[in-house]
Amino acid sequence: MAAFRNAGLRRRAGVLVACCALTVGVVGTSAYADPGRNPGFSPGSAGAGDPYFPDMGNGGYQVDHYDIRLSFDPKTQAIDATTTILAQATQDLSRFDLDFQGPLTISRLTVNGQDATFTRSGAQELVITPPRGLRKGLPFLVSVSYAGVPQKIDDPALGLSGWVATKDGAVALNQPIGAATYYPVNDTPTDKATYSQTITVPSGLTVLANGEPGPTTTRDGKSTFRWLMNRPMASELAMIAIGDLNVTHGKTSDGLPNITAIGKSIDTKPGQGAVFNQTTAQIVQWESSMYGPYPFDSTGGILADVGVHYALETQSRPVYDQRTSNVSGDLLAHELGHQWFGDSLTPQRWSDIWLNEGFATYSEWLYQEKFQGTPVQKTFEQTYADEDNWDGKVADPGRDHIFDDLVYNRGAMTLQALRLKIGDRDFFKILKQWPSTHRYGNVSTQDFIKFVERTTNRNLDSFFQTWLYQPGKPTL
Ligand code: TRP
Ligand code: ZN
């Protein structure tokens with residue numbers, strides 16, 4: 001979904017909750033062309049062109065909406081699902097790929113309601129040939145039914161991601177390459193889409209996901225939970241959390257719905273649920289005052305024993321693994337800060353992930369100053385003195401280093417160095433206007449540099465060159 005198509009999104013997302021009901025008739029026969037008689041029709045590319053993850057994403061189309069309907073059996077850890085995708089061809093397409101990986105078996109695949117041929121190739125390509133070509137500019141629907149036990153990703157450099165089984169359920173955490181372990185997807189941050197997720201589990205278990213809840217229904221010992229994310233979302237930020245959870249419903253003082261949950265096995269102190277909920281609300285409120293209006297229609301968080309040893313900024317509702325070294329206010333400030341920097345604004349390429357982690361880490365520093373009395377400048381000086389933070393390029397750390405301390409710490413230091421150079425007035429103007437200018441879009445380091453130069457009316461090329469691209473400690 002390209003940013004220029006955001007207008008009318010809300011309306012469209014509403015219609016799309018019923019997206020599976022759309023049929024060939026709605027799309028119209030003009031969507032078809034016989035590739036044999038239309039030699040201009042060609043296959044979409046098998047990757048979206050990210051140098052760190054060349055197989056991720058695909059070309060030839062853009063997704064508007066994912067409708068994921070999935071049931072989960074904790075006894076076998078198996079899922080049974082149908083994912084329906086509303087997309088739009090960006091070229092005359094004879095064939096296209098989705099990303100889909102692991103041992104799940106596909107039982108049926110249709111394009112515009114007609115059975116399509118498909119093959120699976122390499123680690124993650126699902127190659128789909130519709131009965132007739134798909135014309136550029138026209139919408140089409142892909143529906144894939146599949147089942148099996150999803151296999152999480154265990155990457156030596158990037159850790160665990162994807163569909164992760166837990167003691168009491170499962171949690172899906174997709175950054176950077178996990179989404180395709182449980183649904184067919186155009187797995188690139190540059191193709192954002194809205195999502196409806198309908199998840200069925202044995203009654204007693206609870207399901208949270210991104211966005212706002214629909215009605216929960218129970219029958220035959222099973223409960224179905226519905227969640228809608230009606231703002232553009234990158235697949236790396238989609239989330240499902242299934243478990244034995246205590247849920248707290250609240251609101252921020254601006255009236256934003258705030259849904260938090262804590263795994264029952266770790267929800268042991270009285271009042272813990274309320275504290276987690278209120279701290280989340282307070283931080284979102286405070287960050288909104290610095291970063292501009294909160295970009296989504298609800299907030300919250302999930303604290304559970306996931307076993308991945310990190311927290312993740314899943315859109316509108318972060319997940320905090322209890323085994324993260326320290327789940328505290330700073331970590332909440334980090335993940336909630338990502339809602340502006342990372343989620344609403346998402347780097348076009350993974351090499352620019354400092355645009356997420358630098359700002360999220362800076363959010364921690366601001367939190368420590370505001371709520372714990374440690375000035376940002378003091379944190380900066382301590383981080384600057386640490387000899388570990390200098391070996392690499394922040395704005396191109398390499399595929400295996402996107403989560404290195406360098407990206408987080410030197411990213412945040414770059415922002416503090418910028419603040420010292422341009423002054424508080426312009427710096428805080430940038431913190432507010434950068435996310436609002438690129439709301440729901442994709443951004444690059446070059447976009448940021450240009451934005452800062454325009455705001456300050458200064459040439460800062462050599463400053464950014466030194467801080468972002470030159471390994472070694474810059475002189476202050
Ligand atoms: N990006 C996450 C955050 O900063 C952390 C994270 C995700 C991570 N995956 C990881 C950290 C893998 C280390 C390894 O909030
Ligand atoms: Zn982060």
# chains A, B, ... in the order shown; residues from 1 in each chain; ligands from 1
>>> select_by_dssp(residues="range 103-345 of chain A", states="helix (DSSP H, G or I)", output="VMD selection string")
chain A and resid 179 to 181 235 to 237 272 to 291 329 to 337
>>> residues_around(residues="Lys152 in chain A", least_positions_apart="3", cutoff="12 Å", atoms="only C-alpha atoms", output="NGL selection string")
:A and (77 or 101-104 or 149 or 155 or 159-166 or 170-175 or 177-182 or 308)
>>> residues_around(residues="range 408-420 of chain A", least_positions_apart="3", cutoff="9 Å", atoms="only C-alpha atoms", output="mmCIF file with N, CA, C and O atoms, in the first residue's frame")
data_model
loop_
_atom_site.group_PDB
_atom_site.id
_atom_site.type_symbol
_atom_site.label_atom_id
_atom_site.label_comp_id
_atom_site.auth_asym_id
_atom_site.auth_seq_id
_atom_site.Cartn_x
_atom_site.Cartn_y
_atom_site.Cartn_z
ATOM 1 N N TRP A 354 18.404 2.453 12.119
ATOM 2 C CA TRP A 354 18.737 3.432 13.178
ATOM 3 C C TRP A 354 17.632 4.484 13.295
ATOM 4 O O TRP A 354 17.433 5.051 14.367
ATOM 5 N N LEU A 355 16.895 4.722 12.190
ATOM 6 C CA LEU A 355 15.766 5.674 12.243
ATOM 7 C C LEU A 355 14.689 5.186 13.211
ATOM 8 O O LEU A 355 13.886 5.975 13.707
ATOM 9 N N ASN A 356 14.647 3.872 13.467
ATOM 10 C CA ASN A 356 13.778 3.329 14.522
ATOM 11 C C ASN A 356 14.489 3.341 15.864
ATOM 12 O O ASN A 356 14.016 3.899 16.844
ATOM 13 N N GLU A 357 15.615 2.634 15.899
ATOM 14 C CA GLU A 357 16.244 2.337 17.188
ATOM 15 C C GLU A 357 16.906 3.557 17.823
ATOM 16 O O GLU A 357 16.938 3.679 19.044
ATOM 17 N N GLY A 358 17.437 4.462 16.996
ATOM 18 C CA GLY A 358 18.031 5.684 17.544
ATOM 19 C C GLY A 358 16.969 6.513 18.259
ATOM 20 O O GLY A 358 17.159 6.952 19.395
ATOM 21 N N PHE A 359 15.824 6.690 17.605
ATOM 22 C CA PHE A 359 14.747 7.495 18.202
ATOM 23 C C PHE A 359 14.102 6.792 19.392
ATOM 24 O O PHE A 359 13.706 7.434 20.374
ATOM 25 N N ALA A 360 13.971 5.460 19.317
ATOM 26 C CA ALA A 360 13.373 4.725 20.444
ATOM 27 C C ALA A 360 14.304 4.775 21.652
ATOM 28 O O ALA A 360 13.858 4.918 22.799
ATOM 29 N N THR A 361 15.608 4.677 21.411
ATOM 30 C CA THR A 361 16.570 4.774 22.514
ATOM 31 C C THR A 361 16.584 6.197 23.070
ATOM 32 O O THR A 361 16.652 6.401 24.286
ATOM 33 N N TYR A 362 16.475 7.166 22.183
ATOM 34 C CA TYR A 362 16.390 8.558 22.646
ATOM 35 C C TYR A 362 15.132 8.762 23.502
ATOM 36 O O TYR A 362 15.150 9.526 24.479
ATOM 37 N N SER A 363 14.052 8.048 23.169
ATOM 38 C CA SER A 363 12.832 8.097 23.991
ATOM 39 C C SER A 363 13.124 7.599 25.410
ATOM 40 O O SER A 363 12.591 8.134 26.384
ATOM 41 N N TRP A 365 16.043 7.821 26.906
ATOM 42 C CA TRP A 365 16.852 8.869 27.548
ATOM 43 C C TRP A 365 15.959 10.010 28.025
ATOM 44 O O TRP A 365 16.150 10.544 29.116
ATOM 45 N N VAL A 376 19.511 13.843 29.888
ATOM 46 C CA VAL A 376 19.877 13.211 28.610
ATOM 47 C C VAL A 376 21.373 13.405 28.345
ATOM 48 O O VAL A 376 22.070 12.477 27.932
ATOM 49 N N GLN A 377 21.856 14.615 28.600
ATOM 50 C CA GLN A 377 23.260 14.916 28.309
ATOM 51 C C GLN A 377 24.206 14.006 29.116
ATOM 52 O O GLN A 377 25.240 13.582 28.616
ATOM 53 N N PHE A 380 24.179 10.685 27.454
ATOM 54 C CA PHE A 380 24.984 10.835 26.237
ATOM 55 C C PHE A 380 26.475 10.728 26.560
ATOM 56 O O PHE A 380 27.213 9.983 25.919
ATOM 57 N N GLU A 381 26.908 11.460 27.584
ATOM 58 C CA GLU A 381 28.337 11.471 27.915
ATOM 59 C C GLU A 381 28.827 10.089 28.362
ATOM 60 O O GLU A 381 29.916 9.651 27.984
ATOM 61 N N THR A 383 27.476 7.219 27.471
ATOM 62 C CA THR A 383 27.464 6.340 26.299
ATOM 63 C C THR A 383 28.646 6.658 25.390
ATOM 64 O O THR A 383 29.273 5.767 24.827
ATOM 65 N N TYR A 384 28.958 7.955 25.297
ATOM 66 C CA TYR A 384 30.085 8.396 24.470
ATOM 67 C C TYR A 384 31.407 7.844 25.010
ATOM 68 O O TYR A 384 32.303 7.467 24.253
ATOM 69 N N ASN A 389 30.801 1.406 21.478
ATOM 70 C CA ASN A 389 29.741 1.907 20.614
ATOM 71 C C ASN A 389 30.203 2.479 19.275
ATOM 72 O O ASN A 389 29.471 3.197 18.623
ATOM 73 N N TRP A 390 31.388 2.151 18.850
ATOM 74 C CA TRP A 390 31.954 2.917 17.739
ATOM 75 C C TRP A 390 32.315 2.126 16.494
ATOM 76 O O TRP A 390 32.623 2.693 15.462
ATOM 77 N N VAL A 394 26.419 3.261 11.518
ATOM 78 C CA VAL A 394 25.059 3.260 12.066
ATOM 79 C C VAL A 394 24.005 3.150 10.963
ATOM 80 O O VAL A 394 23.017 2.456 11.111
ATOM 81 N N ALA A 395 24.240 3.857 9.864
ATOM 82 C CA ALA A 395 23.221 3.898 8.826
ATOM 83 C C ALA A 395 23.439 2.823 7.752
ATOM 84 O O ALA A 395 22.857 2.912 6.676
ATOM 85 N N PHE A 403 20.439 -5.288 14.984
ATOM 86 C CA PHE A 403 20.026 -5.122 16.386
ATOM 87 C C PHE A 403 21.214 -4.903 17.326
ATOM 88 O O PHE A 403 21.095 -5.059 18.535
ATOM 89 N N ASP A 404 22.363 -4.552 16.761
ATOM 90 C CA ASP A 404 23.542 -4.315 17.606
ATOM 91 C C ASP A 404 23.384 -3.031 18.443
ATOM 92 O O ASP A 404 22.733 -2.083 18.018
ATOM 93 N N ASP A 405 24.046 -3.009 19.591
ATOM 94 C CA ASP A 405 24.046 -1.818 20.454
ATOM 95 C C ASP A 405 24.456 -0.566 19.688
ATOM 96 O O ASP A 405 23.958 0.524 19.958
ATOM 97 N N GLY A 423 20.262 23.234 18.428
ATOM 98 C CA GLY A 423 19.487 23.882 19.502
ATOM 99 C C GLY A 423 18.145 23.195 19.740
ATOM 100 O O GLY A 423 17.595 22.534 18.865
ATOM 101 N N ASP A 424 17.621 23.398 20.953
ATOM 102 C CA ASP A 424 16.391 22.707 21.366
ATOM 103 C C ASP A 424 15.181 23.070 20.501
ATOM 104 O O ASP A 424 14.357 22.219 20.206
ATOM 105 N N ARG A 425 15.083 24.329 20.131
ATOM 106 C CA ARG A 425 13.899 24.766 19.406
ATOM 107 C C ARG A 425 13.697 23.969 18.123
ATOM 108 O O ARG A 425 12.657 23.355 17.916
ATOM 109 N N ASP A 426 14.725 23.949 17.270
ATOM 110 C CA ASP A 426 14.627 23.214 16.006
ATOM 111 C C ASP A 426 14.593 21.705 16.252
ATOM 112 O O ASP A 426 13.901 20.974 15.544
ATOM 113 N N PHE A 427 15.332 21.243 17.263
ATOM 114 C CA PHE A 427 15.383 19.802 17.515
ATOM 115 C C PHE A 427 13.992 19.266 17.876
ATOM 116 O O PHE A 427 13.531 18.274 17.310
ATOM 117 N N PHE A 428 13.314 19.940 18.790
ATOM 118 C CA PHE A 428 11.995 19.424 19.191
ATOM 119 C C PHE A 428 10.932 19.659 18.115
ATOM 120 O O PHE A 428 9.968 18.905 18.022
ATOM 121 N N PHE A 463 28.280 16.764 9.111
ATOM 122 C CA PHE A 463 27.871 16.287 10.444
ATOM 123 C C PHE A 463 27.284 14.868 10.350
ATOM 124 O O PHE A 463 27.701 13.952 11.069
ATOM 125 N N PHE A 464 26.327 14.683 9.453
ATOM 126 C CA PHE A 464 25.684 13.358 9.350
ATOM 127 C C PHE A 464 26.639 12.315 8.778
ATOM 128 O O PHE A 464 26.606 11.151 9.172
ATOM 129 N N TRP A 467 28.679 11.195 11.770
ATOM 130 C CA TRP A 467 27.968 10.448 12.809
ATOM 131 C C TRP A 467 27.343 9.149 12.309
ATOM 132 O O TRP A 467 27.251 8.171 13.056
ATOM 133 N N LEU A 468 26.896 9.147 11.058
ATOM 134 C CA LEU A 468 26.124 7.982 10.590
ATOM 135 C C LEU A 468 26.917 7.002 9.741
ATOM 136 O O LEU A 468 26.580 5.824 9.688
ATOM 137 N N LEU A 476 33.889 15.774 19.647
ATOM 138 C CA LEU A 476 32.734 16.614 20.034
ATOM 139 C C LEU A 476 33.064 18.098 19.848
ATOM 140 O O LEU A 476 34.189 18.508 20.018
#
>>> atom_distance(atom1="CA of Ala311 in chain A", atom2="CA of Gly263 in chain A")
14.6 Å
>>> closest_residue(among="A:Leu158, A:Asp220, A:Arg349, A:Thr198", to="His401 in chain A", atoms="only C-alpha atoms")
A:Leu158
>>> residues_around(residues="Gly292 in chain A", least_positions_apart="4", cutoff="9 Å", atoms="only C-alpha atoms", output="JSON, numbers by chain")
{"A": [287, 288, 340, 431, 432, 433, 435, 436]}
>>> atom_distance(atom1="CA of Arg135 in chain A", atom2="CA of Tyr440 in chain A")
26.8 Å
>>> closest_residue(among="A:Gly40, A:Ile430, A:Gly300, A:Pro471", to="Glu453 in chain A", atoms="only C-alpha atoms")
A:Ile430
>>> closest_residue(among="A:Tyr146, A:Trp227, A:Phe341, A:Phe296", to="Arg108 in chain A", atoms="only C-alpha atoms")
A:Tyr146
>>> closest_residue(among="A:Ser143, A:Leu126, A:Gly441, A:Ser94", to="Thr110 in chain A", atoms="only C-alpha atoms")
A:Ser143
>>> select_by_dssp(residues="range 159-293 of chain A", states="strand (DSSP E)", output="JSON, numbers by chain")
{"A": [159, 160, 161, 162, 163, 164, 165, 170, 171, 172, 173, 193, 194, 195, 196, 197, 198, 199, 200, 201, 202, 206, 207, 208, 209, 212, 213, 217, 218, 219, 222, 223, 224, 225, 226, 227, 228, 229, 230, 231, 232, 233, 239, 240, 241, 242, 243, 245, 246, 247, 248, 249, 250, 251, 257, 258, 259, 260, 261, 262, 263]}
>>> atom_distance(atom1="CA of Gly44 in chain A", atom2="CA of Lys192 in chain A")
17.8 Å
>>> closest_residue(among="A:Gly342, A:Pro139, A:Gly122, A:Pro232", to="ligand 1", atoms="only C-alpha atoms and all ligand atoms")
A:Gly342
